[in-house]
file query15.cif (mmCIF, C-alpha atoms)
data_structure
loop_
_atom_site.label_atom_id
_atom_site.label_comp_id
_atom_site.auth_asym_id
_atom_site.auth_seq_id
_atom_site.Cartn_x
_atom_site.Cartn_y
_atom_site.Cartn_z
CA MET A 1 42.04 -28.99 37.62
CA ARG A 2 42.78 -32.72 37.95
CA ARG A 3 42.57 -34.41 41.28
CA GLU A 4 45.94 -35.13 42.87
CA MET A 5 45.26 -38.87 42.74
CA THR A 6 44.87 -40.29 39.23
CA LYS A 7 41.93 -42.69 39.08
CA VAL A 8 42.46 -45.45 36.51
CA VAL A 9 39.53 -47.68 35.59
CA ILE A 10 39.88 -51.02 33.76
CA PRO A 11 36.37 -52.07 32.67
CA GLU A 12 37.50 -55.47 31.35
CA PRO A 13 37.65 -58.58 33.55
CA ILE A 14 41.13 -59.85 34.45
CA PRO A 15 40.51 -63.16 36.28
CA SER A 16 42.90 -63.74 39.18
CA LEU A 17 42.81 -67.54 38.80
CA ASN A 18 44.49 -67.18 35.42
CA LYS A 19 48.01 -66.24 36.51
CA GLY A 20 48.92 -64.97 33.06
CA GLU A 21 46.04 -62.51 33.25
CA LYS A 22 47.06 -61.54 36.75
CA ALA A 23 50.60 -60.97 35.49
CA ILE A 24 49.17 -58.50 32.96
CA LEU A 25 47.36 -56.61 35.72
CA GLU A 26 50.53 -56.52 37.82
CA GLY A 27 52.42 -55.23 34.80
CA ILE A 28 49.80 -52.53 34.25
CA ARG A 29 50.12 -51.49 37.88
CA VAL A 30 53.90 -51.19 37.49
CA ALA A 31 53.43 -49.21 34.27
CA ILE A 32 51.03 -46.67 35.75
CA SER A 33 53.16 -46.31 38.87
CA VAL A 34 55.01 -43.67 36.83
CA PHE A 35 52.09 -41.43 37.79
CA ASP A 36 52.65 -39.68 41.10
CA ASP A 37 49.64 -41.16 42.88
CA ILE A 38 47.14 -43.64 41.45
CA SER A 39 44.13 -45.74 42.30
CA VAL A 40 42.99 -48.65 40.14
CA SER A 41 39.44 -49.92 39.78
CA LEU A 42 38.85 -53.22 37.99
CA TYR A 43 35.60 -54.78 36.84
CA SER A 44 35.15 -58.34 38.11
CA PRO A 45 32.36 -60.79 37.20
CA TRP A 46 34.04 -63.28 39.57
CA TYR A 47 34.02 -60.94 42.53
CA GLU A 48 34.44 -63.46 45.36
CA ASP A 49 37.32 -65.32 43.69
CA ASP A 50 39.09 -62.12 42.72
CA ARG A 51 38.49 -60.40 46.06
CA LYS A 52 40.48 -63.10 47.86
CA ARG A 53 43.44 -62.74 45.51
CA TYR A 54 43.62 -59.06 44.63
CA SER A 55 43.06 -57.85 48.22
CA SER A 56 43.98 -54.17 48.46
CA GLU A 57 45.91 -54.05 45.18
CA VAL A 58 42.92 -52.79 43.24
CA ARG A 59 39.35 -51.75 43.95
CA LEU A 60 37.13 -54.46 42.51
CA VAL A 61 33.75 -53.37 41.20
CA GLU A 62 30.70 -55.24 40.01
CA GLY A 63 28.09 -54.05 37.54
CA THR A 64 26.97 -54.73 33.98
CA ASP A 65 28.75 -57.63 32.29
CA PHE A 66 29.35 -55.71 29.07
CA PHE A 67 31.61 -58.38 27.56
CA ASN A 68 29.11 -61.15 28.42
CA VAL A 69 31.95 -63.20 29.91
CA LEU A 70 29.82 -65.15 32.38
CA ASN A 71 27.86 -66.53 29.46
CA MET A 72 31.01 -67.27 27.45
CA TYR A 73 32.58 -69.16 30.36
CA SER A 74 29.45 -71.17 31.15
CA ASP A 75 29.18 -74.86 30.28
CA SER A 76 26.36 -74.10 27.81
CA PRO A 77 26.89 -70.59 26.44
CA LYS A 78 23.92 -68.98 24.75
CA PRO A 79 24.34 -67.91 21.12
CA PHE A 80 24.95 -64.27 20.20
CA ASN A 81 21.81 -62.14 20.54
CA LYS A 82 21.87 -58.78 18.74
CA ILE A 83 19.10 -57.25 20.86
CA SER A 84 20.84 -58.18 24.12
CA TYR A 85 24.13 -56.85 22.74
CA LEU A 86 22.64 -53.49 21.76
CA LYS A 87 20.87 -53.17 25.11
CA ARG A 88 24.14 -53.65 27.01
CA TRP A 89 26.17 -51.21 25.00
CA GLY A 90 23.28 -48.79 24.51
CA LYS A 91 23.12 -48.60 28.29
CA LEU A 92 26.76 -47.50 28.38
CA VAL A 93 26.25 -44.80 25.75
CA CYS A 94 23.08 -43.50 27.44
CA PHE A 95 24.87 -43.37 30.79
CA ALA A 96 27.84 -41.52 29.28
CA SER A 97 25.55 -38.99 27.62
CA ILE A 98 23.75 -38.20 30.87
CA ALA A 99 27.00 -38.25 32.90
CA ARG A 100 28.44 -35.60 30.61
CA ILE A 101 25.71 -33.27 31.88
CA SER A 102 25.42 -34.58 35.45
CA GLN A 103 27.35 -37.47 37.03
CA THR A 104 25.01 -37.38 40.02
CA LEU A 105 21.91 -37.78 37.86
CA ALA A 106 23.49 -40.56 35.78
CA ASN A 107 24.49 -42.55 38.85
CA LEU A 108 21.09 -42.01 40.44
CA LEU A 109 19.29 -43.29 37.34
CA PHE A 110 21.51 -46.30 36.55
CA LYS A 111 22.74 -47.46 39.99
CA ASP A 112 25.58 -49.47 38.42
CA GLU A 113 28.94 -49.67 40.23
CA LEU A 114 31.06 -50.05 37.09
CA LEU A 115 29.34 -47.17 35.33
CA CYS A 116 29.80 -45.02 38.41
CA GLU A 117 33.54 -45.74 38.39
CA LEU A 118 33.79 -44.88 34.70
CA SER A 119 32.15 -41.51 35.27
CA LYS A 120 34.73 -40.69 37.95
CA ALA A 121 37.74 -41.96 35.99
CA ASP A 122 40.72 -39.81 35.05
CA LEU A 123 41.89 -42.51 32.63
CA ILE A 124 40.18 -45.58 31.14
CA LEU A 125 42.51 -48.45 30.14
CA ILE A 126 41.18 -51.10 27.75
CA GLY A 127 42.41 -53.75 25.33
CA HIS A 128 44.70 -55.86 27.53
CA ASP A 129 45.98 -59.23 26.28
CA GLY A 130 44.21 -60.57 23.16
CA ASN A 131 41.18 -58.38 23.69
CA LEU A 132 41.13 -56.82 20.21
CA CYS A 133 37.39 -56.81 19.70
CA CYS A 134 34.52 -54.64 18.48
CA GLU A 135 33.61 -53.84 22.08
CA LEU A 136 36.63 -51.54 22.43
CA PHE A 137 34.71 -49.03 20.29
CA TRP A 138 31.96 -48.59 22.87
CA PHE A 139 34.34 -47.74 25.71
CA VAL A 140 36.25 -45.30 23.50
CA LEU A 141 32.94 -43.69 22.46
CA ALA A 142 31.74 -43.47 26.08
CA GLY A 143 35.06 -41.96 27.18
CA ASN A 144 34.91 -39.39 24.40
CA ILE A 145 31.35 -38.44 25.35
CA MET A 146 32.33 -37.97 29.02
CA HIS A 147 35.63 -36.24 28.10
CA VAL A 148 37.62 -38.99 29.84
CA PRO A 149 40.86 -40.04 28.06
CA VAL A 150 41.00 -43.66 26.92
CA ALA A 151 44.13 -45.70 26.16
CA ILE A 152 44.27 -49.08 24.44
CA TYR A 153 47.20 -50.66 26.25
CA GLY A 154 48.87 -53.96 25.39
CA VAL A 155 46.35 -55.29 22.90
CA GLY A 156 46.85 -58.27 20.59
CA ALA A 157 44.85 -59.77 17.72
CA GLU A 158 43.88 -63.39 18.22
CA ALA A 159 42.82 -66.09 15.77
CA GLY A 160 39.59 -65.19 13.98
CA ALA A 161 40.10 -61.41 14.10
CA LYS A 162 40.09 -61.13 10.31
CA THR A 163 36.57 -62.53 10.12
CA CYS A 164 35.33 -60.15 12.84
CA PHE A 165 36.42 -56.84 11.36
CA THR A 166 34.57 -56.53 8.09
CA GLY A 167 31.96 -54.01 7.01
CA TRP A 168 30.65 -51.89 9.89
CA ASN A 169 33.00 -53.54 12.36
CA ARG A 170 35.95 -52.29 10.35
CA LYS A 171 34.64 -48.73 10.69
CA ILE A 172 34.21 -48.94 14.44
CA LEU A 173 37.68 -50.48 14.76
CA GLN A 174 39.10 -47.45 12.98
CA TYR A 175 37.11 -45.09 15.21
CA ALA A 176 38.34 -46.79 18.37
CA PHE A 177 42.03 -46.51 17.49
CA ASN A 178 41.73 -43.01 16.08
CA HIS A 179 40.06 -41.54 19.19
CA THR A 180 42.33 -42.67 22.04
CA ILE A 181 45.28 -40.89 23.62
CA LEU A 182 47.54 -43.92 23.02
CA ASN A 183 47.40 -47.34 21.36
CA VAL A 184 50.05 -49.80 22.51
CA VAL A 185 50.09 -53.11 20.62
CA ARG A 186 52.18 -56.01 21.84
CA ASP A 187 53.34 -57.59 18.58
CA SER A 188 54.10 -56.75 14.95
CA GLY A 189 51.36 -59.04 13.66
CA THR A 190 48.70 -57.04 15.49
CA LYS A 191 50.18 -53.77 14.27
CA GLN A 192 50.13 -54.94 10.66
CA PHE A 193 46.60 -56.28 11.05
CA LEU A 194 45.39 -52.89 12.25
CA ILE A 195 47.21 -51.03 9.47
CA ASP A 196 45.65 -53.41 6.92
CA HIS A 197 42.26 -52.54 8.42
CA GLY A 198 42.62 -48.81 7.99
CA VAL A 199 44.29 -47.67 11.22
CA CYS A 200 47.08 -45.16 10.60
CA ASP A 201 50.60 -46.36 11.36
CA ASP A 202 51.33 -43.28 13.48
CA LYS A 203 48.43 -44.19 15.79
CA LEU A 204 50.11 -47.44 16.83
CA GLN A 205 53.02 -47.98 19.23
CA LEU A 206 54.71 -51.39 19.34
CA TYR A 207 55.98 -52.46 22.77
CA PRO A 208 56.37 -55.78 24.65
CA ASP A 209 53.46 -57.33 26.53
CA THR A 210 52.82 -55.41 29.75
CA ALA A 211 53.23 -58.59 31.82
CA VAL A 212 57.03 -58.37 31.45
CA LEU A 213 56.97 -55.52 33.98
CA MET A 214 55.59 -57.68 36.79
CA LYS A 215 58.30 -58.28 39.34
CA SER A 216 58.94 -61.82 40.51
CA CYS A 217 58.81 -62.72 44.18
CA SER A 218 62.08 -62.67 46.09
CA ASP A 219 64.60 -65.46 45.53
CA GLN A 220 64.11 -66.40 49.16
CA ARG A 221 60.35 -66.86 48.65
CA ALA A 222 60.86 -68.84 45.43
CA ILE A 223 63.30 -71.21 47.18
CA GLU A 224 60.86 -71.51 50.07
CA ILE A 225 58.12 -72.59 47.62
CA LEU A 226 60.37 -75.12 45.92
CA LYS A 227 61.35 -76.61 49.25
CA GLN A 228 57.74 -76.69 50.40
CA GLU A 229 56.81 -78.55 47.21
CA LYS A 230 59.72 -80.97 47.77
CA VAL A 231 61.59 -79.95 44.62
CA PRO A 232 65.24 -80.96 45.20
CA LEU A 233 67.62 -78.03 45.01
CA LYS A 234 70.88 -79.56 43.82
CA LYS A 235 73.44 -78.13 41.42
CA ASP A 236 73.67 -81.43 39.56
CA LEU A 237 69.87 -81.76 39.25
CA PRO A 238 68.54 -78.99 36.95
CA ILE A 239 64.85 -78.09 37.04
CA PHE A 240 62.71 -78.48 33.91
CA GLY A 241 59.33 -76.70 34.07
CA LEU A 242 56.36 -78.17 32.19
CA ILE A 243 53.14 -76.26 31.44
CA PRO A 244 50.53 -78.19 29.42
CA VAL A 245 47.18 -76.41 29.09
CA ARG A 246 43.58 -77.33 29.65
CA GLY A 247 41.44 -74.92 27.64
CA GLY A 248 42.43 -72.19 25.21
CA VAL A 249 43.51 -72.14 21.59
CA VAL A 250 46.39 -74.64 21.89
CA PHE A 251 44.14 -77.10 23.71
CA ASN A 252 41.34 -76.69 21.16
CA LYS A 253 43.33 -76.56 17.92
CA SER A 254 46.14 -79.08 18.53
CA PHE A 255 45.90 -82.45 16.79
CA SER A 256 43.50 -81.02 14.24
CA ASN A 257 42.78 -84.41 12.67
CA ALA A 258 40.92 -85.44 15.84
CA LEU A 259 37.45 -83.89 15.54
CA ASP A 260 35.91 -85.47 18.63
CA LYS A 261 36.72 -83.48 21.80
CA LYS A 262 37.09 -86.54 24.01
CA ALA A 263 39.34 -88.25 21.48
CA LYS A 264 41.47 -85.10 21.17
CA TYR A 265 41.78 -84.85 24.94
CA GLN A 266 43.01 -88.44 25.13
CA ILE A 267 45.48 -87.82 22.30
CA ARG A 268 46.86 -84.85 24.23
CA ILE A 269 47.27 -86.98 27.36
CA ASP A 270 49.06 -89.69 25.36
CA PHE A 271 51.22 -87.09 23.60
CA TRP A 272 52.40 -85.41 26.80
CA THR A 273 52.94 -88.76 28.53
CA GLU A 274 55.16 -90.01 25.71
CA LEU A 275 57.01 -86.70 25.58
CA VAL A 276 57.70 -86.55 29.32
CA ASN A 277 58.83 -90.19 29.43
CA HIS A 278 61.25 -89.43 26.60
CA LEU A 279 62.62 -86.35 28.38
CA LEU A 280 63.06 -88.34 31.57
CA ASP A 281 65.16 -90.82 29.58
CA LYS A 282 67.23 -88.30 27.67
CA THR A 283 67.99 -85.75 30.40
CA THR A 284 69.05 -85.74 34.04
CA ALA A 285 66.55 -83.03 34.95
CA PHE A 286 63.95 -82.92 37.69
CA PHE A 287 60.57 -82.15 36.09
CA VAL A 288 57.93 -79.92 37.65
CA PHE A 289 54.44 -79.31 36.32
CA LEU A 290 53.74 -75.61 36.92
CA PRO A 291 50.01 -74.92 36.39
CA HIS A 292 49.77 -71.31 35.22
CA CYS A 293 45.98 -71.20 35.08
CA ILE A 294 43.54 -72.81 37.52
CA GLY A 295 40.31 -71.02 36.59
CA PRO A 296 38.03 -69.11 36.59
CA VAL A 297 36.21 -72.30 35.49
CA SER A 298 37.25 -75.95 35.77
CA HIS A 299 37.83 -76.47 32.04
CA ASN A 300 40.66 -73.91 32.30
CA ASP A 301 42.40 -75.63 35.22
CA ASP A 302 45.82 -76.86 34.05
CA ARG A 303 46.20 -79.03 37.14
CA ILE A 304 43.57 -81.44 35.84
CA ILE A 305 45.46 -82.38 32.68
CA ALA A 306 48.77 -82.44 34.56
CA ARG A 307 47.32 -84.96 37.05
CA GLU A 308 46.23 -87.25 34.25
CA ILE A 309 49.65 -87.09 32.62
CA MET A 310 51.34 -87.76 35.96
CA GLN A 311 49.21 -90.86 36.48
CA ARG A 312 50.47 -92.26 33.18
CA ILE A 313 54.19 -91.76 33.84
CA ASP A 314 55.51 -95.29 34.33
CA LYS A 315 59.18 -94.76 35.19
CA ASN A 316 61.52 -92.31 36.91
CA ARG A 317 58.61 -91.06 38.98
CA ASP A 318 61.06 -89.86 41.62
CA ARG A 319 62.12 -87.13 39.17
CA ILE A 320 58.78 -85.54 38.49
CA LEU A 321 56.05 -83.80 40.49
CA LEU A 322 53.03 -81.58 40.09
CA ILE A 323 52.57 -78.37 42.06
CA GLU A 324 48.95 -78.59 43.17
CA ASN A 325 48.95 -75.61 45.52
CA GLU A 326 47.89 -72.22 44.22
CA TYR A 327 50.55 -69.53 44.08
CA GLY A 328 50.41 -65.92 42.98
CA ALA A 329 51.62 -64.75 39.58
CA GLN A 330 54.72 -63.16 41.13
CA GLU A 331 55.50 -66.36 43.02
CA LEU A 332 55.17 -68.48 39.88
CA LYS A 333 57.46 -66.08 38.05
CA GLY A 334 59.96 -66.48 40.89
CA VAL A 335 59.78 -70.27 40.53
CA ILE A 336 60.22 -69.98 36.74
CA LYS A 337 63.31 -67.86 37.40
CA HIS A 338 64.78 -70.80 39.31
CA CYS A 339 64.02 -73.27 36.52
CA ASP A 340 66.79 -74.17 34.09
CA PHE A 341 64.32 -74.54 31.22
CA VAL A 342 60.57 -74.13 30.66
CA LEU A 343 58.42 -75.89 28.05
CA SER A 344 55.00 -74.26 27.92
CA GLU A 345 51.72 -74.14 26.04
CA ARG A 346 50.80 -70.90 27.87
CA ALA A 347 52.13 -67.69 26.37
CA HIS A 348 52.34 -65.65 29.56
CA ALA A 349 54.37 -68.30 31.35
CA LEU A 350 56.89 -67.91 28.52
CA ILE A 351 56.67 -64.11 28.63
CA GLY A 352 57.50 -64.42 32.33
CA ALA A 353 60.39 -66.77 31.54
CA VAL A 354 61.86 -64.37 28.97
CA SER A 355 61.64 -61.43 31.39
CA VAL A 356 63.70 -63.34 34.00
CA ALA A 357 66.11 -64.77 31.40
CA THR A 358 65.05 -68.42 31.75
CA PRO A 359 65.63 -70.47 28.57
CA CYS A 360 62.29 -71.64 27.22
CA MET A 361 60.35 -73.11 24.31
CA ALA A 362 56.72 -72.89 23.22
CA LEU A 363 54.33 -75.60 22.11
CA ALA A 364 51.63 -73.87 20.11
CA VAL A 365 49.36 -74.14 17.08
CA GLU A 366 49.32 -72.21 13.81
CA GLU A 367 46.29 -70.25 15.02
CA ASP A 368 48.01 -69.00 18.18
CA HIS A 369 49.15 -65.56 17.06
CA ARG A 370 50.53 -64.70 20.50
CA MET A 371 53.06 -67.50 20.42
CA HIS A 372 54.26 -66.81 16.90
CA ASN A 373 54.26 -63.02 17.02
CA ILE A 374 55.58 -62.58 20.57
CA ILE A 375 57.53 -65.67 21.61
CA ASP A 376 59.05 -66.34 18.17
CA LYS A 377 59.23 -63.02 16.24
CA MET A 378 59.70 -60.60 19.14
CA PHE A 379 61.62 -62.77 21.62
CA GLY A 380 63.34 -65.20 19.25
CA ARG A 381 62.42 -68.33 21.15
CA LYS A 382 61.54 -71.64 19.51
CA VAL A 383 57.85 -72.28 18.78
CA TYR A 384 56.67 -75.72 17.64
CA ASP A 385 53.14 -76.21 16.31
CA LEU A 386 51.03 -79.13 17.46
CA ASN A 387 48.37 -79.08 14.73
CA ASN A 388 49.89 -82.25 13.28
CA PRO A 389 53.21 -82.76 15.07
CA ASP A 390 56.01 -85.12 14.05
CA MET A 391 56.75 -86.69 17.43
CA ASP A 392 60.27 -87.87 16.62
CA ASP A 393 61.23 -84.46 15.28
CA LEU A 394 59.69 -82.66 18.26
CA LYS A 395 61.54 -84.86 20.75
CA LYS A 396 64.83 -84.03 19.04
CA VAL A 397 64.07 -80.30 18.94
CA ILE A 398 63.23 -80.15 22.66
CA VAL A 399 66.29 -82.14 23.71
CA ASP A 400 68.48 -79.92 21.51
CA GLU A 401 66.98 -76.78 23.08
CA TRP A 402 67.55 -78.25 26.54
CA ASN A 403 71.17 -79.11 25.78
CA TYR A 404 71.73 -75.62 24.37
CA ARG A 405 70.27 -73.82 27.40
CA GLU A 406 73.55 -72.83 29.05
CA LYS A 407 74.86 -71.24 25.85
CA ILE A 408 71.80 -69.02 25.41
CA LYS A 409 71.56 -67.78 29.01
CA PRO A 410 73.74 -64.69 28.34
CA GLU A 411 71.59 -63.95 25.27
CA MET A 412 68.43 -64.36 27.38
CA ALA A 413 69.77 -61.92 29.98
CA VAL A 414 70.35 -59.26 27.30
CA LEU A 415 66.87 -59.89 25.90
CA ALA A 416 65.31 -59.57 29.36
CA ARG A 417 66.89 -56.16 29.90
CA LYS A 418 65.78 -55.03 26.44
CA VAL A 419 62.11 -55.97 26.84
CA LEU A 420 61.94 -54.44 30.31
CA ASN A 421 63.41 -51.17 29.06
CA GLU A 422 60.98 -51.07 26.15
CA ALA A 423 57.98 -51.80 28.38
CA ASN A 424 59.06 -48.98 30.68
CA GLU A 425 59.27 -46.67 27.66
CA ALA A 426 55.62 -47.48 26.91
CA ALA A 427 54.70 -46.51 30.48
CA GLN A 428 56.47 -43.16 30.15
CA LEU A 429 54.72 -42.53 26.84
CA LEU A 430 51.34 -43.23 28.48
CA LYS A 431 52.12 -40.66 31.16
CA GLN A 432 53.17 -38.09 28.55
CA ARG A 433 50.00 -38.56 26.50
CA PHE A 434 47.82 -38.43 29.61
CA CYS A 435 49.44 -35.24 30.87
CA ALA A 436 49.05 -33.65 27.43
CA TYR A 437 45.34 -34.53 27.21
CA GLY A 438 43.09 -31.49 27.05
CA LYS A 439 45.94 -29.01 26.73
#

call {"tool": "encode", "arguments": {"input": "query15.cif", "output": "structure tokens"}}
result
Amino acid sequence: MRREMTKVVIPEPIPSLNKGEKAILEGIRVAISVFDDISVSLYSPWYEDDRKRYSSEVRLVEGTDFFNVLNMYSDSPKPFNKISYLKRWGKLVCFASIARISQTLANLLFKDELLCELSKADLILIGHDGNLCCELFWFVLAGNIMHVPVAIYGVGAEAGAKTCFTGWNRKILQYAFNHTILNVVRDSGTKQFLIDHGVCDDKLQLYPDTAVLMKSCSDQRAIEILKQEKVPLKKDLPIFGLIPVRGGVVFNKSFSNALDKKAKYQIRIDFWTELVNHLLDKTTAFFVFLPHCIGPVSHNDDRIIAREIMQRIDKNRDRILLIENEYGAQELKGVIKHCDFVLSERAHALIGAVSVATPCMALAVEEDHRMHNIIDKMFGRKVYDLNNPDMDDLKKVIVDEWNYREKIKPEMAVLARKVLNEANEAAQLLKQRFCAYGK
């Protein structure tokens, strides 16, 4: 007999300072609310930061850093070490094997909070965002050993995936997707990638990114934020949201001719400065930098690059500002809802915009599969690559998209309803598969 409360464990980190990641978690919580009564446990390597922001929404747990994220996010990450890797994941398999016989004994021997949560789970959810990686296999294997159902929910394949899944890795990829109760992928590119790598088509369900389900804050709260930030709320002064990134694939791969990191950073500052000055000239909008990620480390803080761009703006400074204060993912989505247009280098800011019917456009790079497969192919919004951009052409494209915004609003509203309905279908399917498990 199952317990009345369904215990869901997410063993992957979802950093609260990245508001796109937090939007995914909020979307997951909405999705699993179709269960009668749930509790959610989330692994956090940034416990103190996340504890302040997740409060009672989820139970945060510490324990083994299976994904080695603290090393990856450090200023000087250590190179891959096969022995360390096998020790981490071997620990999980050993724990699962003992827990299958006796949870009490396993927890007594390992004394690891995350492992303890996994042994008590009714459902393990993995694979959020672009987390299509070999490590999914180990959690699926551990779940199978302990007879705990595992779902891969909302996964996407990022740049470099093709080079990762060869040889043995291809085999474990197939095992992972063939031994779950449900595999939800968020874009057609990921689905085709998995099919090409030996995963059966009928094992894959294509649905929008889970973040679309996150509700925005109330209109009253969004207006309160805009007033607090001194954004003028006038009918004849439309709001244009700007989201340049610091860190991530767009930051790293844009302007590919610049090999030196410092030189590339300066080129990006110059590029955004010229672009914003042009938009200030060609539109009557009020521009707001909306940092969508401020951590978990400083080189992922969008406010830093926005400040440097702001310092370079040499005219019409009364029509532009930067929101420095931290707001929650739902609050930022509420602000985006009140924008007339959003230009973003962050995918989940655009996913949020689409789900509240705000006209938007992406600045991306060829390697950013999320932007092309989700924002362009699934949502039909314009994506412009910055690997080697033609500045004059880009300026024209953005101004044209801005001028066309009123005409596409009805289309955006229809799209928003469609993606929300489809994401809710995925949630219902998860419940069905979970309820059928073991029968």

call {"tool": "closest_residue", "arguments": {"input": "query15.cif", "among": "A:Ala157, A:Val276, A:Ile181, A:Ile351", "to": "Leu429 (chain A)", "atoms": "all atoms listed in the file"}}
result
A:Ile181

call {"tool": "resolve_selection", "arguments": {"input": "query15.cif", "expression": "the PyMOL selection byres ((chain A and resi 284) around 9)", "output": "count of residues only"}}
result
11

call {"tool": "resolve_selection", "arguments": {"input": "query15.cif", "expression": "the PyMOL selection byres ((chain A and resi 307-312) around 7)", "output": "list in words"}}
result
Ile269, Trp272, Thr273, Arg303, Ile304, Ile305, Ala306, Ile313 and Asp314 of chain A

call {"tool": "residues_around", "arguments": {"input": "query15.cif", "residues": "Asp368 (chain A)", "least_positions_apart": "2", "cutoff": "12 Å", "atoms": "all atoms listed in the file", "output": "PyMOL selection string"}}
result
chain A and resi 130+156-161+189+248-254+345-347+362-366+370-376+383-387

call {"tool": "atom_distance", "arguments": {"input": "query15.cif", "atom1": "CA of Tyr175 (chain A)", "atom2": "CA of Leu136 (chain A)"}}
result
9.7 Å

call {"tool": "resolve_selection", "arguments": {"input": "query15.cif", "expression": "the PyMOL selection byres ((chain A and resi 177) around 12)", "output": "ChimeraX atom specification"}}
result
/A:126-127,132-134,136-141,150-153,155,170-176,178-185,191,194-195,197-205

call {"tool": "closest_atom_pairs", "arguments": {"input": "query15.cif", "of": "region 142-223 of chain A", "to": "region 95-98 of chain A", "cutoff": "8 Å", "atoms": "all atoms listed in the file", "output": "CSV"}}
result
residue,atom,partner,partner_atom,distance
A:Ala142,CA,A:Ala96,CA,5.4
A:Gly143,CA,A:Ala96,CA,7.5
A:Ile145,CA,A:Ala96,CA,6.1
A:Met146,CA,A:Ala96,CA,5.7

call {"tool": "atom_distance", "arguments": {"input": "query15.cif", "atom1": "CA of Val397 (chain A)", "atom2": "CA of Glu21 (chain A)"}}
result
29.1 Å

call {"tool": "residues_near_point", "arguments": {"input": "query15.cif", "point": "(38.5, -64.0, 44.5)", "cutoff": "12 Å", "atoms": "all atoms listed in the file", "output": "short mmCIF file (atom, residue, chain, number, x, y, z; two decimals) with C-alpha atoms, in the coordinates of the input"}}
result
data_model
loop_
_atom_site.label_atom_id
_atom_site.label_comp_id
_atom_site.auth_asym_id
_atom_site.auth_seq_id
_atom_site.Cartn_x
_atom_site.Cartn_y
_atom_site.Cartn_z
CA ILE A 14 41.13 -59.85 34.45
CA PRO A 15 40.51 -63.16 36.28
CA SER A 16 42.90 -63.74 39.18
CA LEU A 17 42.81 -67.54 38.80
CA ASN A 18 44.49 -67.18 35.42
CA LYS A 22 47.06 -61.54 36.75
CA SER A 44 35.15 -58.34 38.11
CA PRO A 45 32.36 -60.79 37.20
CA TRP A 46 34.04 -63.28 39.57
CA TYR A 47 34.02 -60.94 42.53
CA GLU A 48 34.44 -63.46 45.36
CA ASP A 49 37.32 -65.32 43.69
CA ASP A 50 39.09 -62.12 42.72
CA ARG A 51 38.49 -60.40 46.06
CA LYS A 52 40.48 -63.10 47.86
CA ARG A 53 43.44 -62.74 45.51
CA TYR A 54 43.62 -59.06 44.63
CA SER A 55 43.06 -57.85 48.22
CA SER A 56 43.98 -54.17 48.46
CA LEU A 60 37.13 -54.46 42.51
CA GLY A 295 40.31 -71.02 36.59
CA PRO A 296 38.03 -69.11 36.59
#

call {"tool": "residues_around", "arguments": {"input": "query15.cif", "residues": "Met361 (chain A)", "least_positions_apart": "5", "cutoff": "7 Å", "atoms": "only C-alpha atoms", "output": "count of residues only"}}
result
6

call {"tool": "residues_around", "arguments": {"input": "query15.cif", "residues": "Pro291 (chain A)", "least_positions_apart": "4", "cutoff": "8 Å", "atoms": "all atoms listed in the file", "output": "short mmCIF file (atom, residue, chain, number, x, y, z; two decimals) with C-alpha atoms, keeping the file's coordinate frame"}}
result
data_model
loop_
_atom_site.label_atom_id
_atom_site.label_comp_id
_atom_site.auth_asym_id
_atom_site.auth_seq_id
_atom_site.Cartn_x
_atom_site.Cartn_y
_atom_site.Cartn_z
CA ILE A 243 53.14 -76.26 31.44
CA PRO A 244 50.53 -78.19 29.42
CA VAL A 245 47.18 -76.41 29.09
CA ASP A 301 42.40 -75.63 35.22
CA ASP A 302 45.82 -76.86 34.05
CA ARG A 303 46.20 -79.03 37.14
CA ALA A 306 48.77 -82.44 34.56
CA ILE A 323 52.57 -78.37 42.06
CA GLU A 324 48.95 -78.59 43.17
#

call {"tool": "closest_residue", "arguments": {"input": "query15.cif", "among": "A:Val93, A:Leu350, A:Ile28, A:Ala258", "to": "Leu290 (chain A)", "atoms": "only C-alpha atoms"}}
result
A:Leu350

call {"tool": "residues_near_point", "arguments": {"input": "query15.cif", "point": "(53.4, -89.2, 18.0)", "cutoff": "9 Å", "atoms": "all atoms listed in the file", "output": "VMD selection string"}}
result
chain A and resid 270 to 271 274 to 275 389 to 392

call {"tool": "write_last_selection", "arguments": {"input": "query15.cif", "atoms": "C-alpha atoms", "output": "mmCIF file, keeping the file's coordinate frame"}}
result
data_model
loop_
_atom_site.group_PDB
_atom_site.id
_atom_site.type_symbol
_atom_site.label_atom_id
_atom_site.label_comp_id
_atom_site.auth_asym_id
_atom_site.auth_seq_id
_atom_site.Cartn_x
_atom_site.Cartn_y
_atom_site.Cartn_z
ATOM 1 C CA ASP A 270 49.060 -89.690 25.360
ATOM 2 C CA PHE A 271 51.220 -87.090 23.600
ATOM 3 C CA GLU A 274 55.160 -90.010 25.710
ATOM 4 C CA LEU A 275 57.010 -86.700 25.580
ATOM 5 C CA PRO A 389 53.210 -82.760 15.070
ATOM 6 C CA ASP A 390 56.010 -85.120 14.050
ATOM 7 C CA MET A 391 56.750 -86.690 17.430
ATOM 8 C CA ASP A 392 60.270 -87.870 16.620
#

call {"tool": "atom_distance", "arguments": {"input": "query15.cif", "atom1": "CA of Glu367 (chain A)", "atom2": "CA of Glu135 (chain A)"}}
result
21.9 Å

call {"tool": "residues_around", "arguments": {"input": "query15.cif", "residues": "Lys111 (chain A)", "least_positions_apart": "5", "cutoff": "9 Å", "atoms": "only C-alpha atoms", "output": "MDAnalysis selection string"}}
result
chainID A and resid 63 106 116

call {"tool": "closest_residue", "arguments": {"input": "query15.cif", "among": "A:Ala23, A:Leu394, A:Ala427, A:Ala357", "to": "His292 (chain A)", "atoms": "all atoms listed in the file"}}
result
A:Ala23
